[in-house]
Amino acid sequence: MYKSLQTLLKQVSYNPESDVLIHVGDFLAKGPHAGSMAALNFMASNNITGVRGNHDQKIIEWGSWISWIRSSPEGQKWLDAINKKASELHEHGKNVKKWVNKEIKKAKWNPSKDSKWWARVPKGWDIFSDHYYIARDMTPAQFDYLANLPLKLYVPHVHTHIIHAGLLPSDPRRKFYDASQPLARVPGSGRIMRGKIDNNTVKKLREVQDLAVSLHVKQNTEPWVNLNMRSVDGSTVTRDSKEGKPWSKLWKRDNSHCVGYNNELVPADAKPKHALPCYPSSVIYGHAASRGLDIKRWSFGMDSGCVYGRKLTAMIIGPSAHFTETTVQDANEYYDEEDIFDIEDEDESESEKNMMARSLVPFGDDGKARIVKVKCNV
């Protein structure tokens, strides 16, 4: 993925002096080990802003475990020995996992000097996985970089949340228009506020309400949800993309019912049933590679399956988007909020496979963002 990342940054003319690069997590364990280490070195040495993904979490956990084992001279010796053994087995085409399972099983009924260490491998953890090797080989500074990645970010001036897996607009255990939901009431009012609210107050209250979604919807406060959610099945969050409905559809539903604090967003034809005193906010996320590039009006799923040899995608917001008619397509030509947004170039020739695909999409209240993709070679 590292080479594809560098290609993408070159295509968008990334300038670290003037641009802010933000990733949505899981840029590791996505291809050859050397590529993962190069990507980690780039992110950590440049202190790139981003959020933690579920694969990043596994690497952090393995890093902590390795550090714990190494804190004992005996543990360090055992770890060095099994690393060497695994390397030898791999070089000779042997099944490393089969050997590991045998050692763990043997440790239960045949106590030895090594058995207590094998017993400390957490159940369900895959030792000698890609995550383990990255954790083993990363530097303390790189571990600190990963460990300090937040679970979510909020960009107030564009009313945008950035998270790895997803964010719920409301608690699915209750109706989205229930008075207890953050978007169903003006912050601090305790009820739907009456009377006109001035613009300065609207601006302040809107940011409070955006944060209330992130902090007061119970599921959004759970790290597992931040890192793993793909769908909602009834009132239950699931990581299975084939169960329930994508959480992004709930985000679209709730935000489409926002009419503002002064009803200024009410459609000309008719006020929606269950109108909410709120303003739409956006979510930029990754994680759902099986759904591909998934862009709706207020949610932007950026995982376009680079690890599967498809595309690596960037979303450019602000002046660096270079919105000129010679470099972008008209947004209306592609954008359909009812469908998964996929701007694959069907007529892409062999010589154009590594050229970026450009398109504008609606973003924020009245702006646009540019989607840029490059072909991945993993």
# chains A, B, ... in the order shown; residues from 1 in each chain; ligands from 1
call {"tool": "residues_around", "arguments": {"residues": "Met229 of chain A", "least_positions_apart": "5", "cutoff": "10 Å", "atoms": "only C-alpha atoms", "output": "MDAnalysis selection string"}}
result
chainID A and resid 164:168 219:220 223:224 237:241 246:247 287:288
call {"tool": "residues_around", "arguments": {"residues": "segment 102-110 of chain A", "least_positions_apart": "5", "cutoff": "10 Å", "atoms": "only C-alpha atoms", "output": "VMD selection string"}}
result
chain A and resid 96 to 97 115 to 121 123
call {"tool": "closest_atom_pairs", "arguments": {"of": "segment 230-306 of chain A", "to": "segment 170-190 of chain A", "cutoff": "12 Å", "atoms": "only C-alpha atoms", "output": "JSON lines"}}
result
{"residue": "A:Ser231", "atom": "CA", "partner": "A:Pro172", "partner_atom": "CA", "distance": 11.3}
{"residue": "A:Val232", "atom": "CA", "partner": "A:Pro172", "partner_atom": "CA", "distance": 8.0}
{"residue": "A:Asp233", "atom": "CA", "partner": "A:Pro172", "partner_atom": "CA", "distance": 9.2}
{"residue": "A:Gly234", "atom": "CA", "partner": "A:Pro172", "partner_atom": "CA", "distance": 7.3}
{"residue": "A:Ser235", "atom": "CA", "partner": "A:Pro172", "partner_atom": "CA", "distance": 4.8}
{"residue": "A:Thr236", "atom": "CA", "partner": "A:Pro172", "partner_atom": "CA", "distance": 7.4}
{"residue": "A:Val237", "atom": "CA", "partner": "A:Pro172", "partner_atom": "CA", "distance": 8.7}
{"residue": "A:Gly244", "atom": "CA", "partner": "A:Pro172", "partner_atom": "CA", "distance": 11.9}
{"residue": "A:Lys245", "atom": "CA", "partner": "A:Pro172", "partner_atom": "CA", "distance": 11.7}
{"residue": "A:Trp247", "atom": "CA", "partner": "A:Pro172", "partner_atom": "CA", "distance": 10.0}
{"residue": "A:Ser248", "atom": "CA", "partner": "A:Ser170", "partner_atom": "CA", "distance": 11.7}
{"residue": "A:Lys249", "atom": "CA", "partner": "A:Ser170", "partner_atom": "CA", "distance": 11.9}
{"residue": "A:Leu250", "atom": "CA", "partner": "A:Ser170", "partner_atom": "CA", "distance": 8.2}
{"residue": "A:Trp251", "atom": "CA", "partner": "A:Ser170", "partner_atom": "CA", "distance": 8.3}
{"residue": "A:Lys252", "atom": "CA", "partner": "A:Ser170", "partner_atom": "CA", "distance": 11.4}
{"residue": "A:Arg253", "atom": "CA", "partner": "A:Phe176", "partner_atom": "CA", "distance": 9.0}
{"residue": "A:Asp254", "atom": "CA", "partner": "A:Phe176", "partner_atom": "CA", "distance": 6.8}
{"residue": "A:Asn255", "atom": "CA", "partner": "A:Leu183", "partner_atom": "CA", "distance": 8.5}
{"residue": "A:Ser256", "atom": "CA", "partner": "A:Leu183", "partner_atom": "CA", "distance": 11.3}
{"residue": "A:His257", "atom": "CA", "partner": "A:Tyr177", "partner_atom": "CA", "distance": 9.1}
{"residue": "A:Cys258", "atom": "CA", "partner": "A:Leu183", "partner_atom": "CA", "distance": 7.9}
{"residue": "A:Val259", "atom": "CA", "partner": "A:Leu183", "partner_atom": "CA", "distance": 10.5}
{"residue": "A:Gly260", "atom": "CA", "partner": "A:Val186", "partner_atom": "CA", "distance": 9.4}
{"residue": "A:Tyr261", "atom": "CA", "partner": "A:Val186", "partner_atom": "CA", "distance": 7.2}
{"residue": "A:Asn262", "atom": "CA", "partner": "A:Val186", "partner_atom": "CA", "distance": 10.7}
{"residue": "A:Pro272", "atom": "CA", "partner": "A:Tyr177", "partner_atom": "CA", "distance": 11.8}
{"residue": "A:Lys273", "atom": "CA", "partner": "A:Tyr177", "partner_atom": "CA", "distance": 9.8}
{"residue": "A:His274", "atom": "CA", "partner": "A:Tyr177", "partner_atom": "CA", "distance": 6.2}
{"residue": "A:Ala275", "atom": "CA", "partner": "A:Tyr177", "partner_atom": "CA", "distance": 7.9}
{"residue": "A:Leu276", "atom": "CA", "partner": "A:Ala184", "partner_atom": "CA", "distance": 5.2}
{"residue": "A:Pro277", "atom": "CA", "partner": "A:Arg185", "partner_atom": "CA", "distance": 5.9}
{"residue": "A:Cys278", "atom": "CA", "partner": "A:Leu183", "partner_atom": "CA", "distance": 5.6}
{"residue": "A:Tyr279", "atom": "CA", "partner": "A:Leu183", "partner_atom": "CA", "distance": 8.4}
{"residue": "A:Pro280", "atom": "CA", "partner": "A:Leu183", "partner_atom": "CA", "distance": 9.4}
{"residue": "A:Ser281", "atom": "CA", "partner": "A:Leu183", "partner_atom": "CA", "distance": 10.6}
call {"tool": "residues_around", "arguments": {"residues": "Gln142 of chain A", "least_positions_apart": "5", "cutoff": "12 Å", "atoms": "only C-alpha atoms", "output": "PyMOL selection string"}}
result
chain A and resi 36-48+56+59-60+63+134-137+147-149
call {"tool": "select_by_dssp", "arguments": {"residues": "segment 41-219 of chain A", "states": "strand (DSSP E or B)", "output": "PyMOL selection string"}}
result
chain A and resi 49-50+152-155+160-163
call {"tool": "select_by_dssp", "arguments": {"residues": "segment 118-334 of chain A", "states": "helix (DSSP H, G or I)", "output": "ChimeraX atom specification"}}
result
/A:118,130-137,140-147,156-158,182-184,199-216,218-221,223-228,247-256,289-291,306-308,319-321,331-334
call {"tool": "closest_residue", "arguments": {"among": "A:Lys375, A:Lys3, A:Lys85, A:Lys296", "to": "Lys311 of chain A", "atoms": "only C-alpha atoms"}}
result
A:Lys375
call {"tool": "closest_residue", "arguments": {"among": "A:Pro32, A:Gly53, A:Pro16, A:Gly286", "to": "Tyr2 of chain A", "atoms": "only C-alpha atoms"}}
result
A:Pro32
call {"tool": "atom_distance", "arguments": {"atom1": "atom CA of Asn199 of chain A", "atom2": "atom CA of His216 of chain A"}}
result
24.6 Å
